[in-house]
Amino acid sequence: MSSETSTAAYVDSLRPAGSKRSSKRDRIVDVFLRQDGHLTADDLVDLIRKEDQRISRATVYRTLAWMEAAGIARKVDFGEGRFRFEHSYRHPRHFHLICKSCNQQMEFLSSDIEQMIEEVAEARRFAVSQAVVQLYGTCEACTTGQPATTRLASTESLFARDALRIAIATERSGREFYQRASAMTSDARARSIFERLSTDEDDHLDRLEKRYAQLIAEEPDLEAQPQFLFFRGAANGLFSAGVDALRGVTSDKDALMIGIRCERGSHKFFKKYGEKFEDSEGKRIFLEFADEEREHLELLIREYRILTRRDKGKAGATA
């Protein structure tokens, strides 16, 4: 599918019921979706007039209002006395850091903030249509007096980089968990499952690290860019707590149960946040990883049930 066809399909999916198509509006939407960053209405007017002088300022303003209502555009206020707009196509929902000295806007995403918003809304039985978090202050360059040394990468690139970093950290912690679990497990069948999962983690880790290396090779500046995704505990991997929990475990079934809890939490995490994002490489990474964690979860659950039935059978035979 071409990018043009993909864009058209995206716009059609968000078009309100009963809304008619317009060639001028479609042209404005197409130009808007090709831009990065945050545009004022006048910025968009200037861009449109470079392509079609016949489109009026009023038409651009009406189209911006339509895009905002349709969910194609998000309106943001950086305290400049005028609104700016950013598109949501291939652009995950995020929050902003705004420097009051140089007016630079930096984006970030945090599952912890999103979770807090959801909890507050649920407690108050409030239906949230839009969440805006903006932190005002002074950026590092303005604080130190040193100009920024690297260009700011696109949100999509930063999202993909951080999604891979989180997945890699999770695979490393998962590998450590299954290696420890296999070493302490006395049941041969359960031990073989842990060894198999440890090998799976190695294979997945190798693929993820190659994918990360390819991304950095394509955009070398990405390594020096600021963090975009903030997830509590993600830096150490989502299995790190399970690794610690294994130290006090003597039962094979308990080791399996810790693995089940870790895999269930990992699957839920990657699936939940992958589904929240618009189409992007980061979204694909999260959902692919969620599928792999689901397969591991199902395997551990099956093995736990087998071991439980076997223990019951042994207990019945000696009764």
# chains A, B, ... in the order shown; residues from 1 in each chain; ligands from 1
>>> select_by_dssp(residues="stretch 190-250 of chain A", states="alpha helix (DSSP H)", output="short mmCIF file (atom, residue, chain, number, x, y, z; two decimals) with N, CA and C atoms, in the first residue's frame")
data_model
loop_
_atom_site.label_atom_id
_atom_site.label_comp_id
_atom_site.auth_asym_id
_atom_site.auth_seq_id
_atom_site.Cartn_x
_atom_site.Cartn_y
_atom_site.Cartn_z
N ALA A 190 9.58 -29.43 33.81
CA ALA A 190 9.54 -27.98 34.05
C ALA A 190 10.88 -27.35 33.71
N ARG A 191 11.98 -28.06 34.04
CA ARG A 191 13.30 -27.51 33.73
C ARG A 191 13.49 -27.38 32.22
N SER A 192 12.99 -28.33 31.46
CA SER A 192 13.13 -28.26 30.00
C SER A 192 12.33 -27.07 29.44
N ILE A 193 11.20 -26.76 30.06
CA ILE A 193 10.41 -25.60 29.62
C ILE A 193 11.17 -24.32 29.88
N PHE A 194 11.76 -24.22 31.08
CA PHE A 194 12.53 -23.01 31.40
C PHE A 194 13.73 -22.87 30.46
N GLU A 195 14.39 -24.00 30.15
CA GLU A 195 15.53 -23.94 29.23
C GLU A 195 15.09 -23.52 27.84
N ARG A 196 13.94 -24.03 27.41
CA ARG A 196 13.41 -23.65 26.09
C ARG A 196 13.10 -22.16 26.04
N LEU A 197 12.50 -21.65 27.12
CA LEU A 197 12.15 -20.22 27.14
C LEU A 197 13.40 -19.35 27.21
N SER A 198 14.42 -19.83 27.91
CA SER A 198 15.68 -19.09 27.95
C SER A 198 16.29 -19.00 26.55
N THR A 199 16.21 -20.10 25.78
CA THR A 199 16.71 -20.10 24.40
C THR A 199 15.87 -19.16 23.54
N ASP A 200 14.55 -19.18 23.75
CA ASP A 200 13.67 -18.26 23.01
C ASP A 200 14.06 -16.82 23.28
N GLU A 201 14.33 -16.50 24.55
CA GLU A 201 14.70 -15.13 24.90
C GLU A 201 16.00 -14.73 24.20
N ASP A 202 16.93 -15.68 24.10
CA ASP A 202 18.19 -15.42 23.40
C ASP A 202 17.93 -15.11 21.93
N ASP A 203 17.08 -15.90 21.30
CA ASP A 203 16.76 -15.68 19.89
C ASP A 203 16.07 -14.34 19.68
N HIS A 204 15.09 -14.05 20.53
CA HIS A 204 14.37 -12.78 20.41
C HIS A 204 15.32 -11.60 20.65
N LEU A 205 16.20 -11.75 21.64
CA LEU A 205 17.15 -10.69 21.96
C LEU A 205 18.07 -10.42 20.78
N ASP A 206 18.52 -11.48 20.14
CA ASP A 206 19.40 -11.31 18.97
C ASP A 206 18.68 -10.54 17.87
N ARG A 207 17.42 -10.88 17.61
CA ARG A 207 16.65 -10.18 16.57
C ARG A 207 16.44 -8.72 16.93
N LEU A 208 16.11 -8.45 18.18
CA LEU A 208 15.85 -7.08 18.62
C LEU A 208 17.12 -6.23 18.55
N GLU A 209 18.25 -6.81 18.96
CA GLU A 209 19.50 -6.05 18.93
C GLU A 209 19.93 -5.74 17.50
N LYS A 210 19.68 -6.67 16.57
CA LYS A 210 19.98 -6.41 15.16
C LYS A 210 19.06 -5.31 14.62
N ARG A 211 17.81 -5.36 15.02
CA ARG A 211 16.84 -4.34 14.59
C ARG A 211 17.24 -2.97 15.13
N TYR A 212 17.71 -2.96 16.37
CA TYR A 212 18.15 -1.70 16.98
C TYR A 212 19.39 -1.16 16.26
N ALA A 213 20.34 -2.05 15.98
CA ALA A 213 21.57 -1.63 15.28
C ALA A 213 21.24 -1.06 13.90
N GLN A 214 20.28 -1.66 13.22
CA GLN A 214 19.87 -1.17 11.90
C GLN A 214 19.26 0.23 12.02
N LEU A 215 18.43 0.42 13.04
CA LEU A 215 17.80 1.73 13.24
C LEU A 215 18.85 2.80 13.49
N ILE A 216 19.84 2.49 14.33
CA ILE A 216 20.90 3.46 14.64
C ILE A 216 21.78 3.70 13.42
N ALA A 217 22.00 2.67 12.62
CA ALA A 217 22.81 2.84 11.40
C ALA A 217 22.12 3.80 10.44
N GLU A 218 20.79 3.74 10.39
CA GLU A 218 20.02 4.62 9.51
C GLU A 218 19.96 6.05 10.05
N SER A 240 12.62 -8.20 36.04
CA SER A 240 13.62 -7.99 37.09
C SER A 240 13.07 -8.34 38.47
N ALA A 241 11.81 -8.01 38.72
CA ALA A 241 11.20 -8.35 40.01
C ALA A 241 11.07 -9.87 40.16
N GLY A 242 10.79 -10.56 39.06
CA GLY A 242 10.69 -12.01 39.09
C GLY A 242 12.03 -12.66 39.41
N VAL A 243 13.11 -12.08 38.89
CA VAL A 243 14.45 -12.60 39.18
C VAL A 243 14.71 -12.53 40.68
N ASP A 244 14.35 -11.42 41.30
CA ASP A 244 14.53 -11.27 42.75
C ASP A 244 13.64 -12.25 43.51
N ALA A 245 12.40 -12.43 43.03
CA ALA A 245 11.45 -13.32 43.73
C ALA A 245 11.93 -14.77 43.72
N LEU A 246 12.68 -15.18 42.71
CA LEU A 246 13.14 -16.57 42.62
C LEU A 246 14.09 -16.95 43.76
#
>>> select_by_dssp(residues="stretch 41-273 of chain A", states="strand (DSSP E or B)", output="ChimeraX atom specification")
/A:73-77,83-87,95-99,105-110,134-137,229-230
>>> write_last_selection(atoms="N, CA, C and O atoms", output="mmCIF file, in the first residue's frame")
data_model
loop_
_atom_site.group_PDB
_atom_site.id
_atom_site.type_symbol
_atom_site.label_atom_id
_atom_site.label_comp_id
_atom_site.auth_asym_id
_atom_site.auth_seq_id
_atom_site.Cartn_x
_atom_site.Cartn_y
_atom_site.Cartn_z
ATOM 1 N N ALA A 73 -6.088 16.209 13.825
ATOM 2 C CA ALA A 73 -5.191 17.235 14.352
ATOM 3 C C ALA A 73 -5.424 17.412 15.849
ATOM 4 O O ALA A 73 -6.543 17.278 16.335
ATOM 5 N N ARG A 74 -4.356 17.686 16.569
ATOM 6 C CA ARG A 74 -4.452 18.020 17.986
ATOM 7 C C ARG A 74 -4.047 19.477 18.153
ATOM 8 O O ARG A 74 -3.033 19.920 17.611
ATOM 9 N N LYS A 75 -4.827 20.228 18.935
ATOM 10 C CA LYS A 75 -4.507 21.628 19.213
ATOM 11 C C LYS A 75 -3.671 21.691 20.486
ATOM 12 O O LYS A 75 -4.016 21.087 21.501
ATOM 13 N N VAL A 76 -2.552 22.419 20.430
ATOM 14 C CA VAL A 76 -1.682 22.571 21.600
ATOM 15 C C VAL A 76 -1.399 24.047 21.836
ATOM 16 O O VAL A 76 -1.378 24.849 20.907
ATOM 17 N N ASP A 77 -1.199 24.406 23.080
ATOM 18 C CA ASP A 77 -0.941 25.796 23.469
ATOM 19 C C ASP A 77 0.383 25.841 24.209
ATOM 20 O O ASP A 77 0.517 25.306 25.306
ATOM 21 N N PHE A 83 -2.479 29.236 19.111
ATOM 22 C CA PHE A 83 -2.488 27.785 19.122
ATOM 23 C C PHE A 83 -1.599 27.232 18.014
ATOM 24 O O PHE A 83 -1.410 27.857 16.972
ATOM 25 N N ARG A 84 -1.100 26.042 18.254
ATOM 26 C CA ARG A 84 -0.399 25.275 17.233
ATOM 27 C C ARG A 84 -1.120 23.947 17.063
ATOM 28 O O ARG A 84 -1.895 23.536 17.916
ATOM 29 N N PHE A 85 -0.830 23.285 15.946
ATOM 30 C CA PHE A 85 -1.496 22.020 15.647
ATOM 31 C C PHE A 85 -0.457 20.972 15.265
ATOM 32 O O PHE A 85 0.536 21.272 14.613
ATOM 33 N N GLU A 86 -0.699 19.744 15.701
ATOM 34 C CA GLU A 86 0.125 18.604 15.301
ATOM 35 C C GLU A 86 -0.808 17.498 14.843
ATOM 36 O O GLU A 86 -1.936 17.393 15.307
ATOM 37 N N HIS A 87 -0.333 16.682 13.922
ATOM 38 C CA HIS A 87 -1.214 15.634 13.422
ATOM 39 C C HIS A 87 -1.024 14.360 14.225
ATOM 40 O O HIS A 87 0.002 14.143 14.881
ATOM 41 N N PHE A 95 3.172 14.014 25.634
ATOM 42 C CA PHE A 95 3.111 15.235 26.424
ATOM 43 C C PHE A 95 4.290 16.124 26.035
ATOM 44 O O PHE A 95 5.156 15.704 25.262
ATOM 45 N N HIS A 96 4.339 17.328 26.568
ATOM 46 C CA HIS A 96 5.344 18.291 26.117
ATOM 47 C C HIS A 96 6.131 18.918 27.259
ATOM 48 O O HIS A 96 5.585 19.205 28.322
ATOM 49 N N LEU A 97 7.417 19.138 26.998
ATOM 50 C CA LEU A 97 8.274 20.002 27.800
ATOM 51 C C LEU A 97 8.472 21.278 26.990
ATOM 52 O O LEU A 97 8.828 21.212 25.811
ATOM 53 N N ILE A 98 8.245 22.437 27.591
ATOM 54 C CA ILE A 98 8.295 23.693 26.849
ATOM 55 C C ILE A 98 9.273 24.646 27.525
ATOM 56 O O ILE A 98 9.112 24.993 28.701
ATOM 57 N N CYS A 99 10.307 25.023 26.791
ATOM 58 C CA CYS A 99 11.295 25.965 27.316
ATOM 59 C C CYS A 99 10.778 27.386 27.148
ATOM 60 O O CYS A 99 10.476 27.829 26.038
ATOM 61 N N GLN A 105 9.990 23.020 21.992
ATOM 62 C CA GLN A 105 9.064 22.037 22.548
ATOM 63 C C GLN A 105 9.665 20.639 22.384
ATOM 64 O O GLN A 105 10.088 20.272 21.297
ATOM 65 N N MET A 106 9.686 19.901 23.472
ATOM 66 C CA MET A 106 10.212 18.536 23.454
ATOM 67 C C MET A 106 9.100 17.590 23.893
ATOM 68 O O MET A 106 8.352 17.908 24.819
ATOM 69 N N GLU A 107 9.010 16.460 23.238
ATOM 70 C CA GLU A 107 7.910 15.526 23.493
ATOM 71 C C GLU A 107 8.372 14.346 24.333
ATOM 72 O O GLU A 107 9.522 13.931 24.268
ATOM 73 N N PHE A 108 7.447 13.803 25.115
ATOM 74 C CA PHE A 108 7.713 12.582 25.857
ATOM 75 C C PHE A 108 6.398 11.856 26.095
ATOM 76 O O PHE A 108 5.323 12.444 25.976
ATOM 77 N N LEU A 109 6.496 10.578 26.424
ATOM 78 C CA LEU A 109 5.312 9.783 26.726
ATOM 79 C C LEU A 109 5.579 8.995 28.000
ATOM 80 O O LEU A 109 6.675 8.479 28.188
ATOM 81 N N SER A 110 4.588 8.927 28.879
ATOM 82 C CA SER A 110 4.739 8.213 30.137
ATOM 83 C C SER A 110 3.488 7.392 30.430
ATOM 84 O O SER A 110 2.390 7.946 30.526
ATOM 85 N N GLN A 134 1.635 19.620 29.985
ATOM 86 C CA GLN A 134 2.710 20.475 29.477
ATOM 87 C C GLN A 134 3.535 20.975 30.659
ATOM 88 O O GLN A 134 2.991 21.543 31.610
ATOM 89 N N LEU A 135 4.832 20.743 30.590
ATOM 90 C CA LEU A 135 5.755 21.167 31.639
ATOM 91 C C LEU A 135 6.555 22.359 31.127
ATOM 92 O O LEU A 135 7.229 22.276 30.099
ATOM 93 N N TYR A 136 6.469 23.477 31.832
ATOM 94 C CA TYR A 136 7.165 24.694 31.435
ATOM 95 C C TYR A 136 8.428 24.868 32.281
ATOM 96 O O TYR A 136 8.435 24.586 33.477
ATOM 97 N N GLY A 137 9.494 25.335 31.646
ATOM 98 C CA GLY A 137 10.734 25.551 32.376
ATOM 99 C C GLY A 137 11.834 26.007 31.454
ATOM 100 O O GLY A 137 11.575 26.739 30.479
ATOM 101 N N LEU A 229 10.130 7.679 25.736
ATOM 102 C CA LEU A 229 9.208 6.826 26.479
ATOM 103 C C LEU A 229 9.671 6.662 27.923
ATOM 104 O O LEU A 229 10.830 6.337 28.166
ATOM 105 N N PHE A 230 8.754 6.887 28.853
ATOM 106 C CA PHE A 230 9.049 6.711 30.264
ATOM 107 C C PHE A 230 8.066 5.696 30.847
ATOM 108 O O PHE A 230 6.868 5.969 30.938
#
>>> atom_distance(atom1="atom CA of A:Gly248", atom2="atom CA of A:His267")
24.6 Å
